[in-house]
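Novice: So that you have it, the file is run-v3.cif, and it contains mmCIF, C-alpha atoms:
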data_protein
#
loop_
_atom_site.label_atom_id
_atom_site.label_comp_id
_atom_site.auth_asym_id
_atom_site.auth_seq_id
_atom_site.Cartn_x
_atom_site.Cartn_y
_atom_site.Cartn_z
CA MET W 1 101.48 -147.18 89.73
CA PRO W 2 101.16 -150.67 91.22
CA GLY W 3 98.47 -150.48 93.85
CA ASP W 4 97.23 -147.44 95.65
CA ASP W 5 98.29 -148.30 99.15
CA ASP W 6 100.45 -146.03 101.25
CA ASP W 7 103.70 -147.88 100.57
CA ALA W 8 103.34 -147.50 96.84
CA LEU W 9 102.38 -143.85 97.28
CA ARG W 10 105.34 -143.23 99.55
CA GLU W 11 107.65 -144.84 97.03
CA PHE W 12 106.19 -142.69 94.27
CA VAL W 13 106.57 -139.50 96.28
CA ALA W 14 110.14 -140.31 97.30
CA SER W 15 111.17 -141.07 93.75
CA ARG W 16 109.49 -138.05 92.09
CA LEU W 17 110.02 -135.38 94.69
CA PRO W 18 113.63 -134.41 93.82
CA HIS W 19 112.96 -134.17 90.12
CA LEU W 20 109.70 -132.27 90.56
CA ARG W 21 111.38 -129.83 92.88
CA ARG W 22 114.13 -129.14 90.35
CA SER W 23 111.52 -128.55 87.66
CA ALA W 24 109.72 -126.19 90.00
CA PHE W 25 112.98 -124.36 90.66
CA LEU W 26 113.57 -123.91 86.95
CA MET W 27 110.07 -122.52 86.68
CA CYS W 28 110.20 -120.14 89.66
CA GLY W 29 113.91 -119.59 90.37
CA ASP W 30 113.58 -119.97 94.12
CA TRP W 31 114.40 -123.18 95.99
CA GLU W 32 112.20 -122.33 98.96
CA LEU W 33 109.20 -121.58 96.77
CA ALA W 34 109.97 -124.63 94.62
CA THR W 35 109.97 -126.84 97.72
CA GLU W 36 106.66 -125.39 98.90
CA LEU W 37 104.99 -125.80 95.51
CA THR W 38 106.29 -129.35 95.08
CA ARG W 39 105.12 -130.38 98.55
CA ALA W 40 101.62 -128.98 97.92
CA CYS W 41 101.47 -130.62 94.49
CA LEU W 42 102.49 -134.05 95.74
CA ALA W 43 100.10 -133.75 98.71
CA ARG W 44 97.24 -133.24 96.22
CA VAL W 45 98.50 -136.22 94.20
CA VAL W 46 98.46 -138.39 97.35
CA ALA W 47 95.04 -137.17 98.49
CA ASP W 48 93.45 -137.58 95.07
CA THR W 49 95.11 -140.94 94.42
CA ARG W 50 93.61 -142.22 97.68
CA ARG W 51 90.21 -141.03 96.41
CA GLY W 52 90.83 -142.96 93.22
CA VAL W 53 90.54 -140.00 90.86
CA VAL W 54 94.08 -140.03 89.45
CA ALA W 55 94.61 -141.96 86.23
CA ASP W 56 98.31 -141.17 85.66
CA PRO W 57 100.11 -139.76 88.72
CA ASP W 58 103.07 -138.49 86.66
CA VAL W 59 100.95 -136.49 84.24
CA TYR W 60 98.76 -135.34 87.14
CA ALA W 61 101.79 -134.22 89.20
CA TYR W 62 103.60 -132.35 86.45
CA ALA W 63 100.43 -130.72 85.16
CA ASP W 64 99.51 -129.60 88.67
CA LEU W 65 103.01 -128.32 89.38
CA MET W 66 103.31 -126.36 86.13
CA GLU W 67 99.92 -124.78 86.71
CA ALA W 68 100.86 -123.88 90.30
CA CYS W 69 104.12 -122.30 89.11
CA ARG W 70 102.32 -120.38 86.40
CA ARG W 71 99.75 -119.05 88.88
CA ARG W 72 102.44 -118.15 91.38
CA ASN W 73 104.51 -116.31 88.77
CA ARG W 74 101.47 -114.41 87.63
CA ARG W 75 101.06 -113.03 91.11
CA ARG W 76 104.71 -112.00 91.41
CA GLU W 77 106.14 -108.97 89.70
CA HIS W 78 109.70 -110.21 89.99
CA VAL W 79 111.01 -113.73 90.06
CA PHE W 80 113.95 -114.23 92.35
CA VAL W 81 117.00 -115.59 90.59
CA ALA W 82 120.19 -116.54 92.44
CA SER W 83 122.49 -113.57 92.78
CA ALA W 84 125.78 -113.54 90.90
CA GLY W 85 127.73 -113.88 94.07
CA ALA W 86 125.82 -116.84 95.44
CA GLU W 87 128.02 -119.70 96.56
CA GLY W 88 128.23 -122.62 94.18
CA VAL W 89 126.36 -120.86 91.41
CA ALA W 90 128.28 -120.17 88.24
CA ALA W 91 127.75 -116.96 86.31
CA GLU W 92 126.71 -119.03 83.31
CA SER W 93 123.92 -120.60 85.34
CA ILE W 94 122.69 -117.25 86.51
CA LEU W 95 122.55 -115.99 82.96
CA LEU W 96 120.61 -119.04 81.88
CA LEU W 97 118.12 -118.76 84.76
CA ASP W 98 117.71 -115.08 84.10
CA ALA W 99 117.06 -115.70 80.41
CA LEU W 100 114.67 -118.55 81.23
CA HIS W 101 112.62 -116.28 83.46
CA LYS W 102 112.34 -113.66 80.82
CA LEU W 103 110.39 -116.11 78.70
CA ALA W 104 106.63 -116.32 78.76
CA PRO W 105 105.47 -118.87 81.39
CA ARG W 106 104.09 -121.24 78.71
CA CYS W 107 107.37 -121.17 76.78
CA ARG W 108 109.34 -121.74 79.95
CA ALA W 109 107.13 -124.66 80.96
CA VAL W 110 107.50 -126.28 77.55
CA LEU W 111 111.30 -125.97 77.63
CA VAL W 112 111.55 -127.31 81.19
CA LEU W 113 109.31 -130.30 80.45
CA ARG W 114 110.95 -131.09 77.12
CA TYR W 115 114.65 -130.41 77.87
CA TRP W 116 114.94 -130.96 81.59
CA ASP W 117 112.29 -133.54 82.35
CA GLY W 118 112.64 -135.22 78.94
CA PHE W 119 108.95 -135.62 78.13
CA ASP W 120 107.90 -136.00 74.50
CA VAL W 121 105.60 -133.55 72.71
CA ASP W 122 102.46 -135.60 73.46
CA ALA W 123 103.11 -135.83 77.19
CA THR W 124 104.08 -132.17 77.39
CA GLY W 125 100.87 -131.22 75.61
CA ALA W 126 98.84 -133.36 78.01
CA MET W 127 100.48 -131.74 81.03
CA LEU W 128 100.00 -128.18 79.79
CA ASP W 129 96.63 -128.79 78.12
CA LEU W 130 98.04 -127.88 74.70
CA ASP W 131 97.87 -129.64 71.36
CA ASP W 132 101.08 -130.87 69.72
CA ASP W 133 101.34 -127.96 67.28
CA ARG W 134 101.12 -125.44 70.07
CA VAL W 135 103.76 -127.30 72.06
CA GLU W 136 106.12 -127.26 69.09
CA ALA W 137 105.40 -123.60 68.41
CA TYR W 138 106.09 -122.66 72.04
CA GLU W 139 109.22 -124.78 71.96
CA GLN W 140 110.62 -123.10 68.82
CA ALA W 141 109.74 -119.65 70.06
CA GLY W 142 111.19 -120.38 73.50
CA LEU W 143 114.47 -121.75 72.15
CA ALA W 144 114.91 -118.81 69.77
CA ALA W 145 114.18 -116.28 72.49
CA LEU W 146 116.45 -118.06 74.95
CA GLU W 147 119.29 -118.15 72.44
CA LYS W 148 118.88 -114.48 71.73
CA LEU W 149 118.72 -113.55 75.40
CA LEU W 150 121.79 -115.62 76.21
CA ALA W 151 123.72 -114.04 73.32
CA GLN W 152 122.77 -110.59 74.51
CA ALA W 153 123.74 -111.43 78.07
CA GLU W 154 127.07 -112.92 77.09
CA ALA W 155 127.84 -109.90 74.93
CA ALA W 156 127.00 -107.62 77.82
CA VAL W 157 129.23 -109.61 80.19
CA ALA W 158 132.09 -109.65 77.66
CA GLY W 159 131.71 -105.97 76.87
CA MET E 1 121.36 -124.88 71.36
CA THR E 2 118.88 -127.72 71.99
CA ALA E 3 121.64 -130.22 72.67
CA GLN E 4 123.36 -127.92 75.10
CA LEU E 5 120.26 -126.86 76.99
CA SER E 6 119.94 -129.99 79.07
CA ASP E 7 123.59 -129.74 80.12
CA LEU E 8 123.20 -126.07 80.89
CA LEU E 9 120.13 -126.75 83.02
CA GLN E 10 122.08 -129.40 84.91
CA HIS E 11 124.59 -126.76 86.02
CA VAL E 12 121.87 -124.38 87.05
CA LEU E 13 120.79 -126.80 89.75
CA ALA E 14 124.11 -126.61 91.58
CA GLY E 15 123.55 -125.64 95.19
CA GLU E 16 120.28 -127.55 95.54
CA PRO E 17 119.27 -127.73 99.21
CA ALA E 18 118.76 -131.10 100.91
CA LEU E 19 115.28 -132.63 100.85
CA GLY E 20 115.15 -133.35 104.59
CA ASP E 21 111.84 -134.90 105.66
CA GLU E 22 109.93 -133.56 102.67
CA VAL E 23 108.33 -136.95 101.99
CA ASP E 24 106.73 -136.98 105.46
CA ALA E 25 105.72 -133.35 105.01
CA VAL E 26 103.95 -134.29 101.79
CA PHE E 27 101.89 -136.95 103.59
CA ARG E 28 101.09 -134.62 106.48
CA GLN E 29 99.81 -132.03 104.02
CA ALA E 30 97.83 -134.71 102.17
CA GLU E 31 96.13 -135.58 105.47
CA LEU E 32 95.29 -131.90 106.00
CA ILE E 33 93.79 -131.75 102.52
CA ARG E 34 91.68 -134.85 103.26
CA ARG E 35 90.38 -133.34 106.52
CA ARG E 36 89.63 -130.03 104.87
CA ARG E 37 87.70 -131.76 102.10
CA THR E 38 85.74 -133.84 104.62
CA ARG E 39 84.88 -130.69 106.57
CA LEU E 40 83.81 -128.94 103.38
CA LEU E 41 81.69 -131.92 102.39
CA LEU E 42 79.97 -132.01 105.78
CA THR E 43 79.45 -128.26 105.74
CA ALA E 44 78.02 -128.38 102.22
CA GLY E 45 75.72 -131.25 103.26
CA ALA E 46 74.53 -129.29 106.28
CA VAL E 47 73.97 -126.17 104.17
CA ILE E 48 72.02 -128.14 101.55
CA ALA E 49 69.93 -129.87 104.23
CA GLY E 50 69.27 -126.50 105.87
CA ALA E 51 68.29 -124.99 102.54
CA ILE E 52 65.90 -127.88 101.82
CA ILE E 53 64.31 -127.51 105.26
CA LEU E 54 64.02 -123.74 104.82
CA VAL E 55 62.48 -124.05 101.34
CA GLY E 56 60.09 -126.73 102.61
CA TYR E 57 59.07 -124.54 105.53
CA LEU E 58 58.54 -121.52 103.30
CA LEU E 59 56.53 -123.52 100.76
CA THR E 60 54.44 -125.10 103.50
CA THR E 61 53.66 -121.84 105.21
CA THR E 62 53.00 -120.09 101.90
CA LEU E 63 50.89 -122.69 100.14
CA LEU E 64 48.95 -124.25 103.00
CA PRO E 65 46.28 -122.21 104.78
CA ALA E 66 47.13 -121.11 108.27
CA ARG E 67 45.69 -123.23 111.05
CA GLY E 68 42.41 -121.76 112.18
CA ALA E 69 42.00 -119.57 109.11
CA THR E 70 38.48 -119.77 107.74
CA PRO E 71 38.23 -119.93 103.97
CA ALA E 72 35.95 -117.32 102.47
CA ALA E 73 33.68 -119.97 101.02
CA THR E 74 33.25 -122.18 104.04
CA PRO E 75 30.36 -124.52 103.43
CA SER E 76 27.49 -123.34 105.53
CA HIS E 77 26.58 -126.82 106.74
CA SER E 78 29.58 -126.89 109.02
CA PRO E 79 28.66 -126.39 112.66
CA ALA E 80 28.31 -122.64 113.01
CA PRO E 81 29.52 -121.00 116.15
CA MET E 82 27.50 -118.55 118.20
CA PRO E 83 26.19 -116.12 117.15
CA SER E 84 24.50 -117.86 114.26
CA ALA E 85 25.94 -117.13 110.84
CA MET E 86 24.74 -113.83 109.46
CA SER E 87 25.83 -114.16 105.86
CA ASP E 88 22.45 -115.72 104.98
CA PRO E 89 19.75 -112.99 104.78
CA VAL E 90 17.03 -115.49 105.79
CA LEU E 91 19.08 -116.58 108.75
CA ARG E 92 19.60 -112.94 109.64
CA VAL E 93 15.91 -112.70 110.38
CA ILE E 94 15.61 -115.97 112.30
CA ALA E 95 18.92 -116.17 114.14
CA PRO E 96 18.43 -113.29 116.62
CA ILE E 97 15.35 -114.96 118.07
CA ILE E 98 17.10 -118.34 118.35
CA ASP E 99 20.30 -116.81 119.70
CA GLY E 100 18.26 -114.86 122.24
CA GLN E 101 17.19 -118.13 123.79
CA GLY E 102 20.76 -119.35 124.16
CA MET E 103 20.40 -121.77 121.27
CA ARG E 104 21.95 -121.67 117.85
CA ILE E 105 20.71 -122.27 114.36
CA VAL E 106 22.74 -123.79 111.54
CA PRO E 107 21.98 -124.77 107.96
CA ARG E 108 20.74 -128.34 107.71
CA PRO E 109 21.78 -130.38 104.66
CA PRO E 110 20.38 -130.18 102.08
CA GLU E 111 20.39 -126.66 103.32
CA ARG E 112 18.95 -124.60 100.49
CA GLY E 113 17.35 -124.58 97.09
CA LEU E 114 15.58 -122.22 94.77
CA GLY E 115 12.96 -120.68 97.05
CA TRP E 116 13.62 -122.59 100.25
CA ARG E 117 15.99 -122.88 103.23
CA GLN E 118 16.29 -125.47 105.96
CA TYR E 119 18.01 -125.16 109.34
CA SER E 120 18.69 -127.20 112.44
CA VAL E 121 18.40 -125.75 115.91
CA LEU E 122 20.82 -126.81 118.61
CA GLY E 123 20.08 -126.33 122.29
CA HIS E 124 22.58 -125.00 124.82
CA ASP E 125 23.61 -128.57 125.49
CA GLY E 126 24.37 -129.05 121.79
CA ARG E 127 21.47 -131.45 121.27
CA LEU E 128 19.12 -131.06 118.32
CA ARG E 129 16.00 -129.09 119.05
CA GLY E 130 14.31 -129.67 115.70
CA VAL E 131 14.21 -127.91 112.39
CA VAL E 132 13.12 -124.60 110.93
CA GLU E 133 11.98 -124.62 107.31
CA VAL E 134 11.23 -121.56 105.21
CA ALA E 135 9.84 -121.46 101.67
CA VAL E 136 8.66 -118.65 99.43
CA TYR E 137 5.92 -118.82 96.81
CA ALA E 138 4.48 -116.57 94.17
CA VAL E 139 0.73 -116.25 94.64
CA PRO E 140 -0.23 -113.15 92.68
CA GLY E 141 -4.01 -113.75 92.81
CA ARG E 142 -6.15 -114.37 95.85
CA LEU E 143 -4.79 -116.89 98.33
CA CYS E 144 -7.13 -119.26 100.08
CA PHE E 145 -5.38 -119.85 103.40
CA PRO E 146 -6.06 -123.53 104.08
CA VAL E 147 -8.01 -124.89 106.98
CA PRO E 148 -6.56 -128.23 108.10
CA GLY E 149 -9.02 -131.00 107.42
CA GLU E 150 -11.37 -128.74 105.50
CA GLU E 151 -10.14 -128.60 101.94
CA SER E 152 -12.93 -126.41 100.63
CA ASP E 153 -12.74 -123.74 103.35
CA CYS E 154 -10.44 -120.76 103.57
CA ALA E 155 -9.13 -119.47 106.85
CA THR E 156 -9.54 -115.85 107.75
CA ALA E 157 -6.18 -114.17 107.60
CA GLU E 158 -4.96 -111.73 110.21
CA ARG E 159 -3.24 -108.55 109.25
CA ALA E 160 0.26 -107.60 110.28
CA ALA E 161 2.26 -104.49 109.57
CA ASP E 162 3.69 -103.68 106.14
CA GLY E 163 0.67 -105.05 104.29
CA VAL E 164 1.23 -108.64 105.28
CA GLU E 165 -1.62 -111.08 105.98
CA PHE E 166 -1.03 -114.36 107.76
CA VAL E 167 -2.49 -117.44 109.33
CA ARG E 168 -0.86 -119.43 112.14
CA TYR E 169 -1.02 -123.20 112.15
CA ASP E 170 0.23 -124.56 115.45
CA ASP E 171 -0.15 -128.25 116.15
CA THR E 172 1.35 -129.48 119.39
CA ASP E 173 -1.16 -132.18 120.22
CA ASP E 174 1.13 -135.02 119.17
CA PRO E 175 4.18 -134.93 121.49
CA ASP E 176 6.22 -136.77 118.82
CA TRP E 177 5.40 -134.31 116.05
CA GLN E 178 4.91 -130.78 117.31
CA VAL E 179 4.80 -128.09 114.69
CA ASN E 180 4.40 -124.32 114.72
CA GLU E 181 3.79 -122.92 111.25
CA THR E 182 2.72 -119.62 109.77
CA ILE E 183 1.83 -118.77 106.22
CA ALA E 184 2.22 -115.09 105.47
CA ARG E 185 1.53 -113.19 102.25
CA ARG E 186 2.58 -109.75 101.12
CA THR E 187 -0.60 -108.44 99.59
CA ALA E 188 1.12 -105.96 97.30
CA ASP E 189 2.68 -108.61 95.07
CA GLY E 190 1.39 -111.93 96.37
CA ARG E 191 4.80 -113.11 97.58
CA THR E 192 4.03 -115.69 100.24
CA VAL E 193 6.23 -117.41 102.79
CA ALA E 194 5.70 -120.50 104.86
CA VAL E 195 7.74 -120.80 108.04
CA MET E 196 7.59 -123.99 110.03
CA ALA E 197 9.39 -124.88 113.25
CA ALA E 198 9.17 -128.56 114.09
CA GLY E 199 10.43 -130.20 117.24
CA GLU E 200 12.50 -133.35 117.33
CA ARG E 201 10.39 -136.31 116.34
CA GLY E 202 9.97 -139.50 118.29
CA THR E 203 11.25 -138.24 121.61
CA GLY E 204 8.17 -139.51 123.40
CA ASP E 205 8.42 -136.45 125.60
CA ALA E 206 6.30 -133.33 125.04
CA ALA E 207 8.96 -131.00 126.46
CA ALA E 208 11.83 -132.59 124.52
CA GLY E 209 9.83 -132.57 121.30
CA ARG E 210 8.74 -128.95 121.60
CA PRO E 211 9.76 -126.77 118.62
CA ALA E 212 12.59 -124.33 119.16
CA LEU E 213 10.30 -121.47 118.17
CA THR E 214 6.90 -120.84 119.65
CA GLY E 215 3.92 -120.16 117.44
CA ALA E 216 4.25 -116.44 118.18
CA GLN E 217 7.89 -116.41 117.25
CA VAL E 218 7.21 -118.24 114.00
CA ARG E 219 4.53 -115.68 113.21
CA GLN E 220 6.94 -112.85 114.02
CA ILE E 221 9.48 -114.28 111.63
CA ALA E 222 6.97 -115.04 108.87
CA THR E 223 5.47 -111.56 108.96
CA ASP E 224 8.84 -109.81 109.08
CA ILE E 225 8.94 -107.97 105.77
CA ARG E 226 12.69 -108.65 105.56
CA LEU E 227 12.06 -112.38 105.24
CA ILE E 228 10.36 -112.21 101.86
CA SER E 229 12.98 -109.77 100.64
CA ALA E 230 15.69 -112.18 101.81
CA PHE E 231 14.88 -114.44 98.89
CA GLY E 232 15.83 -113.55 95.36
CA PRO E 233 13.10 -112.05 93.16
CA HIS E 234 13.00 -115.15 90.97
CA GLU E 235 13.06 -117.66 93.79
CA GLN E 236 9.83 -119.55 94.37
CA CYS E 237 8.83 -122.99 95.52
CA ASN E 238 5.88 -123.36 93.21
CA GLY E 239 6.62 -124.27 89.67
CA PRO E 240 9.53 -126.41 88.49
CA ALA E 241 11.33 -126.27 91.85
CA GLU E 242 8.33 -127.50 93.81
CA GLY E 243 9.52 -131.10 94.08
CA ALA E 244 12.70 -130.12 95.90
CA CYS E 245 10.98 -127.91 98.47
CA PRO E 246 10.46 -129.04 102.06
CA VAL E 247 7.12 -130.59 102.97
CA PHE E 248 5.10 -128.37 105.30
CA GLU E 249 2.52 -129.50 107.82
CA VAL E 250 0.09 -127.19 106.07
CA PRO E 251 1.12 -126.70 102.42
CA VAL E 252 0.65 -123.38 100.66
CA PRO E 253 -2.07 -123.83 98.03
CA THR E 254 -0.48 -122.29 94.99
CA SER E 255 -2.64 -123.84 92.29
CA GLY E 256 -5.48 -121.48 92.86
#
In C-alpha cells, what does this structure look like?
Specialist:
Amino acid sequence: MPGDDDDALREFVASRLPHLRRSAFLMCGDWELATELTRACLARVVADTRRGVVADPDVYAYADLMEACRRRNRRREHVFVASAGAEGVAAESILLLDALHKLAPRCRAVLVLRYWDGFDVDATGAMLDLDDDRVEAYEQAGLAALEKLLAQAEAAVAG
Amino acid sequence: MTAQLSDLLQHVLAGEPALGDEVDAVFRQAELIRRRRTRLLLTAGAVIAGAIILVGYLLTTTLLPARGATPAATPSHSPAPMPSAMSDPVLRVIAPIIDGQGMRIVPRPPERGLGWRQYSVLGHDGRLRGVVEVAVYAVPGRLCFPVPGEESDCATAERAADGVEFVRYDDTDDPDWQVNETIARRTADGRTVAVMAAGERGTGDAAAGRPALTGAQVRQIATDIRLISAFGPHEQCNGPAEGACPVFEVPVPTSG
C-alpha cells in the first residue's frame, strides 16, 4: 500500500470493504453480522497499519476476517441462512448457502478464499495459517462435500 | 463443480444491502481501538509502576532494620543511655554507684581485653568525668601489697567480708592527676583485682579533676565479691596479656 497516511488507508478501506463483506456473508450467512465483522476487521487493519505493524494489509484483513468468522460461528449453534421466501434470493442460492454452512469452518473458509476471492493456494494458506497440502486437502474435501450436499438437496427439492 | 462454484456464489450475493457510511464507521471504530489501547497501555504502566513501588517498599521494610531498633550485638562503645548498660557483669557492679550519683558509665575504647575492662564516666552535663579501670590477676601465693615509694615494704592489708583483703591507694594531691585505687585479693584462691578511678587530667581545677568515684566507693567496688567473679576463670592480666592491660597508679606486684 503506497504510504500509510489516512488518504491511502481510506482508499484501501473503500476498495476492500464490499468484497470483504461479501466474503464474510458467505462465511456467516447473515448480512448484518457480516457488516459488523467486516467493520471491526477493517478498523483493526487501520489501527494496526497506523502503528506500523501490518506488512500486507490484504493478507492481514482476510486472515483477521476469517478468524473472526470462525470464532463467531463456533459460538453460534445455528447459522442464519436467508429463508426460501426472501425477496431477491433464488432457491438455488439458498441451497448453496445451506450446503456451504454445513461444511466445517476451515473447509468453508478455503472454498470462499479460493473460489470467491480468487486467492491462490499460497495466499490462502498464509491467511488461514495452513500449509499448501492442508489447503488442497481442505479444498478437495470441501468441494466433494458441497457437491454431495447440493445433489442431496436438489434431489429432495425435486422429489 | 469448481468452474460453476464462482458463478453460483455470485448469485448467492443477490440482495446485498447498501454499504452506507461504512467507511466512516470503520475509521470511527479504529479511533476507538486506538483510545482503548492507549488507556490499556497507561493502565498497565501504572500497574507496573505501582507493583515496583510496592515490591520496593516490601523489600525495604523487610530487609532493612527498623528505625530505632537496636541490634542484638550493638558495640558497647556506643554512648550508653541511662541506666548504664547491664550486660557487662563488671559494669553491673560499678554502674549502680555511678548511676546513683546521676552520672553514667560507658565502655571506653579499647574497652576490654583478657582480664581487664576500661570505662569512661560522664557527668550529668555529659562532660567526661574521668575513667574507671579494672584488672584481675592471679596471685596464688602471698601478695605483698605495695607501698608507694617503698619498693621493699609491704602494706598491711585490711580485711573485708567474704575473705577479701585490700589496700586503698588514694592520691589526690595533684589536681591534674587525681586517682583513687584499691587492690583487693580473695584469699581463698589468690584472685586479685585492681580498681582505679582517675579524674580528668589537665583540668587545672581540683574539683573538675576529681575522680567520679571516691576512695571509699572504689574500695566498695574492689571488695565486692561479685567483681572477681565477673571475670572469666581464665582471665588474668599477668602473663601473656600483661602488655595490653591498663597502667595503674600502683601496679599489682604479680612476680612475687
Novice: With the PyMOL selection byres ((chain W) within 8 of (chain E)) as the selection, what would be picked from this file? Answer as an MDAnalysis selection string, please.
Specialist: chainID W and resid 10 13:14 17:18 22 31 39:40 42:44 46:47 87:90 93:94 96:97 115:116 143 147
Novice: CA of Leu100 in chain W to CA of Glu154 in chain W: how many Å, to one decimal?
Specialist: 14.2 Å
Novice: Evaluate the PyMOL selection byres ((chain E and resi 251) around 12) and record the selected residues as an MDAnalysis selection string, following the chain and residue labels used in the document.
Specialist: chainID E and resid 134:137 144:148 151 169 181:183 192:196 237:238 242 245:250 252:255
Novice: Pick the closest to Leu128 in chain E from E:Leu91, E:Ala208, E:Ile97, E:Ala160: which is it, counting all atoms listed in the file?
Specialist: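 When distances to Leu128 in chain E are compared using all atoms listed in the file, the smallest one comes from E:Ala208.
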Novice: At what distance in Å, to one decimal, does CA of Pro240 in chain E lie from CA of Pro107 in chain E?
Specialist: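 Here the two named atoms are 23.2 Å from each other.
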Novice: From the set E:Ala230, E:Ala44, E:Val164, E:Ile105, which residue has the shortest atom-to-atom contact distance to Ala188 in chain E, counting all atoms listed in the file?
Specialist: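 Closest candidate: E:Val164.
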Novice: Can you give me, as a PyMOL selection string, the residues this file yields under the PyMOL selection byres ((chain W and resi 68) around 12)?
Specialist: chain W and resi 23-24+27-28+33-34+36-42+44+61-67+69-75+105+109+128
